[in-house]
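Asker: What follows is target_7.cif, made up of mmCIF, C-alpha atoms:
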```cif
data_protein
#
loop_
_atom_site.group_PDB
_atom_site.id
_atom_site.type_symbol
_atom_site.label_atom_id
_atom_site.label_comp_id
_atom_site.auth_asym_id
_atom_site.auth_seq_id
_atom_site.Cartn_x
_atom_site.Cartn_y
_atom_site.Cartn_z
ATOM 1 C CA MET X 1 227.958 -21.695 225.527
ATOM 2 C CA LEU X 2 230.722 -22.628 227.954
ATOM 3 C CA ARG X 3 231.585 -25.664 225.801
ATOM 4 C CA THR X 4 231.841 -23.462 222.728
ATOM 5 C CA TRP X 5 234.084 -21.020 224.575
ATOM 6 C CA LEU X 6 236.361 -23.856 225.799
ATOM 7 C CA PHE X 7 236.426 -25.373 222.311
ATOM 8 C CA ALA X 8 237.438 -21.985 220.856
ATOM 9 C CA ILE X 9 240.274 -21.600 223.360
ATOM 10 C CA GLN X 10 241.557 -25.139 222.690
ATOM 11 C CA GLN X 11 241.488 -24.568 218.930
ATOM 12 C CA ARG X 12 243.319 -21.247 219.255
ATOM 13 C CA LEU X 13 246.060 -22.715 221.432
ATOM 14 C CA ARG X 14 246.523 -25.932 219.429
ATOM 15 C CA THR X 15 246.202 -24.768 215.824
ATOM 16 C CA GLY X 16 245.857 -20.991 215.674
ATOM 17 C CA VAL X 17 242.164 -21.162 214.770
ATOM 18 C CA ARG X 18 240.322 -17.925 215.515
ATOM 19 C CA ILE X 19 236.715 -18.310 216.676
ATOM 20 C CA GLU X 20 235.131 -14.979 217.504
ATOM 21 C CA ALA X 21 232.523 -14.341 220.165
ATOM 22 C CA GLY X 22 228.996 -14.972 218.943
ATOM 23 C CA VAL X 23 229.878 -17.986 216.776
ATOM 24 C CA GLN X 24 227.360 -20.829 217.154
ATOM 25 C CA LEU X 25 228.840 -24.333 217.187
ATOM 26 C CA LYS X 26 226.533 -27.358 217.517
ATOM 27 C CA GLY X 27 227.737 -30.963 217.745
ATOM 28 C CA LEU X 28 231.308 -30.095 218.734
ATOM 29 C CA ARG X 29 232.403 -33.763 218.641
ATOM 30 C CA ASN X 30 231.518 -33.863 214.940
ATOM 31 C CA ILE X 31 233.367 -30.679 213.925
ATOM 32 C CA THR X 32 237.005 -30.541 212.807
ATOM 33 C CA ILE X 33 238.717 -27.253 211.989
ATOM 34 C CA GLY X 34 242.084 -26.953 210.253
ATOM 35 C CA SER X 35 244.844 -24.666 211.442
ATOM 36 C CA ARG X 36 244.711 -20.906 210.846
ATOM 37 C CA SER X 37 240.994 -20.922 210.008
ATOM 38 C CA LYS X 38 238.776 -18.008 211.046
ATOM 39 C CA LEU X 39 235.157 -18.185 212.145
ATOM 40 C CA HIS X 40 233.789 -14.673 212.300
ATOM 41 C CA ARG X 41 231.141 -13.373 214.658
ATOM 42 C CA PHE X 42 227.591 -14.736 214.205
ATOM 43 C CA CYS X 43 228.451 -17.577 211.810
ATOM 44 C CA THR X 44 227.005 -21.034 212.554
ATOM 45 C CA VAL X 45 228.488 -24.517 212.235
ATOM 46 C CA ASP X 46 225.871 -27.199 212.937
ATOM 47 C CA ALA X 47 227.114 -30.799 213.038
ATOM 48 C CA GLY X 48 224.428 -32.040 215.418
ATOM 49 C CA ARG X 49 223.289 -34.765 212.991
ATOM 50 C CA GLY X 50 226.337 -35.347 210.795
ATOM 51 C CA THR X 51 229.905 -34.119 210.344
ATOM 52 C CA VAL X 52 231.516 -30.851 209.324
ATOM 53 C CA SER X 53 235.187 -30.717 208.344
ATOM 54 C CA ILE X 54 236.803 -27.329 207.728
ATOM 55 C CA GLY X 55 240.234 -27.311 206.070
ATOM 56 C CA GLN X 56 243.270 -25.174 206.875
ATOM 57 C CA GLY X 57 243.151 -21.417 206.405
ATOM 58 C CA CYS X 58 239.387 -21.277 205.754
ATOM 59 C CA THR X 59 237.213 -18.258 206.510
ATOM 60 C CA LEU X 60 233.555 -18.266 207.532
ATOM 61 C CA ASN X 61 232.295 -14.699 207.433
ATOM 62 C CA ARG X 62 229.490 -13.165 209.488
ATOM 63 C CA TYR X 63 226.168 -14.991 209.334
ATOM 64 C CA ALA X 64 227.540 -17.794 207.130
ATOM 65 C CA MET X 65 225.915 -21.124 207.984
ATOM 66 C CA LEU X 66 227.261 -24.654 207.574
ATOM 67 C CA GLN X 67 224.704 -27.386 208.363
ATOM 68 C CA SER X 68 225.554 -31.078 208.195
ATOM 69 C CA GLY X 69 221.838 -31.908 208.020
ATOM 70 C CA GLY X 70 222.524 -35.566 208.808
ATOM 71 C CA GLY X 71 225.182 -35.882 206.086
ATOM 72 C CA SER X 72 228.775 -34.765 205.736
ATOM 73 C CA LEU X 73 230.082 -31.369 204.741
ATOM 74 C CA SER X 74 233.751 -30.946 203.864
ATOM 75 C CA LEU X 75 235.632 -27.747 203.015
ATOM 76 C CA GLY X 76 239.105 -27.980 201.494
ATOM 77 C CA ASP X 77 241.925 -25.617 202.420
ATOM 78 C CA ARG X 78 241.635 -21.826 202.020
ATOM 79 C CA VAL X 79 237.897 -21.868 201.263
ATOM 80 C CA GLU X 80 236.005 -18.650 201.969
ATOM 81 C CA ILE X 81 232.290 -18.732 202.760
ATOM 82 C CA ASN X 82 230.954 -15.200 202.610
ATOM 83 C CA ASN X 83 228.245 -13.395 204.595
ATOM 84 C CA TYR X 84 224.781 -14.989 204.694
ATOM 85 C CA ALA X 85 225.795 -18.023 202.600
ATOM 86 C CA ILE X 86 224.178 -21.353 203.538
ATOM 87 C CA VAL X 87 225.706 -24.764 202.837
ATOM 88 C CA ASN X 88 223.500 -27.763 203.698
ATOM 89 C CA GLY X 89 225.213 -31.154 203.686
ATOM 90 C CA ALA X 90 222.195 -33.479 204.065
ATOM 91 C CA GLY X 91 223.176 -35.348 200.878
ATOM 92 C CA GLY X 92 226.885 -34.678 201.317
ATOM 93 C CA VAL X 93 228.797 -31.605 200.150
ATOM 94 C CA ARG X 94 232.483 -31.441 199.248
ATOM 95 C CA ILE X 95 234.063 -28.082 198.404
ATOM 96 C CA GLY X 96 237.619 -28.113 197.037
ATOM 97 C CA ASN X 97 240.641 -26.012 197.940
ATOM 98 C CA ASP X 98 240.828 -22.270 197.195
ATOM 99 C CA THR X 99 237.129 -21.919 196.411
ATOM 100 C CA LEU X 100 235.214 -18.675 196.998
ATOM 101 C CA ILE X 101 231.529 -18.767 197.956
ATOM 102 C CA GLY X 102 229.925 -15.336 197.551
ATOM 103 C CA PRO X 103 227.495 -13.585 199.876
ATOM 104 C CA GLY X 104 224.017 -15.077 200.047
ATOM 105 C CA VAL X 105 224.905 -18.243 198.100
ATOM 106 C CA LYS X 106 222.753 -21.310 198.842
ATOM 107 C CA ILE X 107 224.206 -24.807 198.373
ATOM 108 C CA ILE X 108 221.409 -27.243 199.169
ATOM 109 C CA SER X 109 221.943 -31.014 198.823
ATOM 110 C CA TYR X 110 218.323 -32.086 199.280
ATOM 111 C CA GLU X 111 214.971 -31.572 197.573
ATOM 112 C CA HIS X 112 211.424 -32.040 198.800
ATOM 113 C CA GLY X 113 209.299 -34.792 197.285
ATOM 114 C CA ILE X 114 206.586 -33.502 194.929
ATOM 115 C CA GLU X 115 204.271 -36.491 194.417
ATOM 116 C CA PRO X 116 200.759 -35.229 193.625
ATOM 117 C CA ASP X 117 198.792 -37.429 196.053
ATOM 118 C CA SER X 118 200.215 -36.136 199.336
ATOM 119 C CA LEU X 119 201.250 -32.892 200.945
ATOM 120 C CA ILE X 120 204.761 -31.777 200.059
ATOM 121 C CA ARG X 121 205.642 -31.132 203.695
ATOM 122 C CA VAL X 122 204.996 -34.783 204.663
ATOM 123 C CA GLN X 123 206.972 -36.317 201.786
ATOM 124 C CA SER X 124 210.513 -37.593 202.208
ATOM 125 C CA ASN X 125 213.405 -35.391 201.189
ATOM 126 C CA GLN X 126 215.545 -36.626 198.313
ATOM 127 C CA VAL X 127 219.242 -36.181 199.170
ATOM 128 C CA ARG X 128 222.015 -36.070 196.564
ATOM 129 C CA ALA X 129 225.669 -35.149 196.947
ATOM 130 C CA ILE X 130 227.167 -31.913 195.659
ATOM 131 C CA ALA X 131 230.837 -31.740 194.615
ATOM 132 C CA ILE X 132 232.517 -28.387 193.993
ATOM 133 C CA GLY X 133 236.071 -28.452 192.652
ATOM 134 C CA ASN X 134 239.229 -26.507 193.439
ATOM 135 C CA GLY X 135 239.553 -22.814 192.598
ATOM 136 C CA VAL X 136 235.839 -22.299 191.924
ATOM 137 C CA TRP X 137 234.132 -18.924 192.361
ATOM 138 C CA ILE X 138 230.400 -18.897 193.060
ATOM 139 C CA GLY X 139 229.017 -15.357 192.800
ATOM 140 C CA ALA X 140 226.647 -13.609 195.180
ATOM 141 C CA ASN X 141 223.168 -15.085 195.680
ATOM 142 C CA ALA X 142 223.726 -18.045 193.347
ATOM 143 C CA VAL X 143 221.936 -21.319 194.145
ATOM 144 C CA VAL X 144 223.476 -24.780 193.678
ATOM 145 C CA LEU X 145 220.896 -27.581 193.762
ATOM 146 C CA ALA X 146 221.205 -31.209 194.900
ATOM 147 C CA GLY X 147 223.250 -33.638 192.816
ATOM 148 C CA ILE X 148 225.396 -31.014 191.062
ATOM 149 C CA GLU X 149 229.106 -31.271 190.256
ATOM 150 C CA ILE X 150 231.072 -28.103 189.508
ATOM 151 C CA GLY X 151 234.515 -28.646 187.957
ATOM 152 C CA ASP X 152 237.829 -27.068 188.950
ATOM 153 C CA GLY X 153 238.229 -23.402 188.040
ATOM 154 C CA ALA X 154 234.571 -22.864 187.120
ATOM 155 C CA VAL X 155 232.811 -19.546 187.724
ATOM 156 C CA ILE X 156 229.117 -19.287 188.597
ATOM 157 C CA GLY X 157 227.676 -15.808 187.998
ATOM 158 C CA ALA X 158 225.800 -13.835 190.621
ATOM 159 C CA GLY X 159 222.176 -14.902 190.990
ATOM 160 C CA ALA X 160 222.549 -18.044 188.839
ATOM 161 C CA VAL X 161 220.574 -21.200 189.636
ATOM 162 C CA VAL X 162 222.715 -24.248 188.875
ATOM 163 C CA THR X 163 220.533 -27.166 187.767
ATOM 164 C CA HIS X 164 223.115 -29.099 185.673
ATOM 165 C CA ASP X 165 226.745 -30.139 186.145
ATOM 166 C CA VAL X 166 229.304 -27.458 185.246
ATOM 167 C CA PRO X 167 232.528 -28.612 183.544
ATOM 168 C CA ALA X 168 235.945 -27.336 184.654
ATOM 169 C CA ASN X 169 237.001 -23.822 183.642
ATOM 170 C CA GLU X 170 233.612 -22.711 182.332
ATOM 171 C CA ILE X 171 231.599 -19.612 183.243
ATOM 172 C CA TRP X 172 227.875 -20.197 183.782
ATOM 173 C CA ILE X 173 225.232 -17.520 184.355
ATOM 174 C CA GLY X 174 221.470 -17.117 184.461
ATOM 175 C CA VAL X 175 218.297 -18.860 185.605
ATOM 176 C CA PRO X 176 218.643 -21.704 184.945
ATOM 177 C CA ALA X 177 222.421 -21.381 184.605
ATOM 178 C CA LYS X 178 223.850 -21.898 181.130
ATOM 179 C CA LYS X 179 227.379 -21.741 179.750
ATOM 180 C CA LEU X 180 228.515 -18.215 178.849
ATOM 181 C CA ARG X 181 232.051 -19.150 177.771
ATOM 182 C CA SER X 182 235.225 -20.953 178.805
ATOM 183 C CA ARG X 183 237.894 -19.282 180.898
#
```
Would you kindly transcribe this structure into structure tokens?
Answerer:
Amino acid sequence: MLRTWLFAIQQRLRTGVRIEAGVQLKGLRNITIGSRSKLHRFCTVDAGRGTVSIGQGCTLNRYAMLQSGGGSLSLGDRVEINNYAIVNGAGGVRIGNDTLIGPGVKIISYEHGIEPDSLIRVQSNQVRAIAIGNGVWIGANAVVLAGIEIGDGAVIGAGAVVTHDVPANEIWIGVPAKKLRSR
């Protein structure tokens, strides 16, 4: 807790980063935060087994969670991760500049094995990178699964489950997500 407090003070003095009381930071040596970013109360950044890089002017709202999960997680500049969103970087996650992640969104870069001859909980996880472009909006409670690429300017509707790549400037909705129209 003292390390987190000292880290927060150093960041504020050096780069204008605002880290509120109650923020959980794990693996401080593996976390980089760009200038003018804000980490609101009760959000979590866990880089205990990987790396987390947060660009300039980013916002992590209350109860947002970034987990490196043994991989790398990178946010571009001016990214906003809303309340209760979870981003897991086990397979690697890259989120481009000016992207909005809605409340309750789940971005999960791993899947459990499902071979029939052994228990699921003892099977190896399959990790695959997720790439989300610049200027993307992912609506509340959407889910982005491992191995997905979402192009620049795309919109993912609230509650959608993204199981296929989404081209740039398209709007996808539903379960599983399908193209509604172009922007």
Asker: So which one's closest to Gly113 in chain X, X:Val166, X:Leu39, X:Ile101, X:Val127? Using only C-alpha atoms, please.
Answerer: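 Closest to Gly113 in chain X of all the choices is X:Val127.
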Asker: Choose the residue, out of X:Cys43, X:Ala142, X:Leu73, X:Val162, that has the smallest atom-to-atom separation from Ala90 in chain X; count all atoms listed in the file.
Answerer: X:Leu73
Asker: Fewer than 5 positions away in the same chain doesn't count, so skip those; otherwise give me all residues within 9 Å of Lys106 in chain X, counting all atoms listed in the file, as an mmCIF file with C-alpha atoms, in the frame of the given file.
Answerer:
```
data_model
loop_
_atom_site.group_PDB
_atom_site.id
_atom_site.type_symbol
_atom_site.label_atom_id
_atom_site.label_comp_id
_atom_site.auth_asym_id
_atom_site.auth_seq_id
_atom_site.Cartn_x
_atom_site.Cartn_y
_atom_site.Cartn_z
ATOM 1 C CA TYR X 84 224.781 -14.989 204.694
ATOM 2 C CA ALA X 85 225.795 -18.023 202.600
ATOM 3 C CA ILE X 86 224.178 -21.353 203.538
ATOM 4 C CA VAL X 87 225.706 -24.764 202.837
ATOM 5 C CA ASN X 88 223.500 -27.763 203.698
ATOM 6 C CA ASN X 141 223.168 -15.085 195.680
ATOM 7 C CA ALA X 142 223.726 -18.045 193.347
ATOM 8 C CA VAL X 143 221.936 -21.319 194.145
ATOM 9 C CA VAL X 144 223.476 -24.780 193.678
ATOM 10 C CA LEU X 145 220.896 -27.581 193.762
#
```
Asker: Do you have the CA of Val136 in chain X-CA of Leu28 in chain X distance handy?
Answerer: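 Atom-to-atom, CA of Val136 in chain X to CA of Leu28 in chain X, that is 28.3 Å.
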Asker: Using the chain letters and numbers from the file, give me the residues hit by the PyMOL selection byres ((chain X and resi 180) around 10), as number ranges by chain.
Answerer: X: 155-157, 170-174, 177-179, 181-183
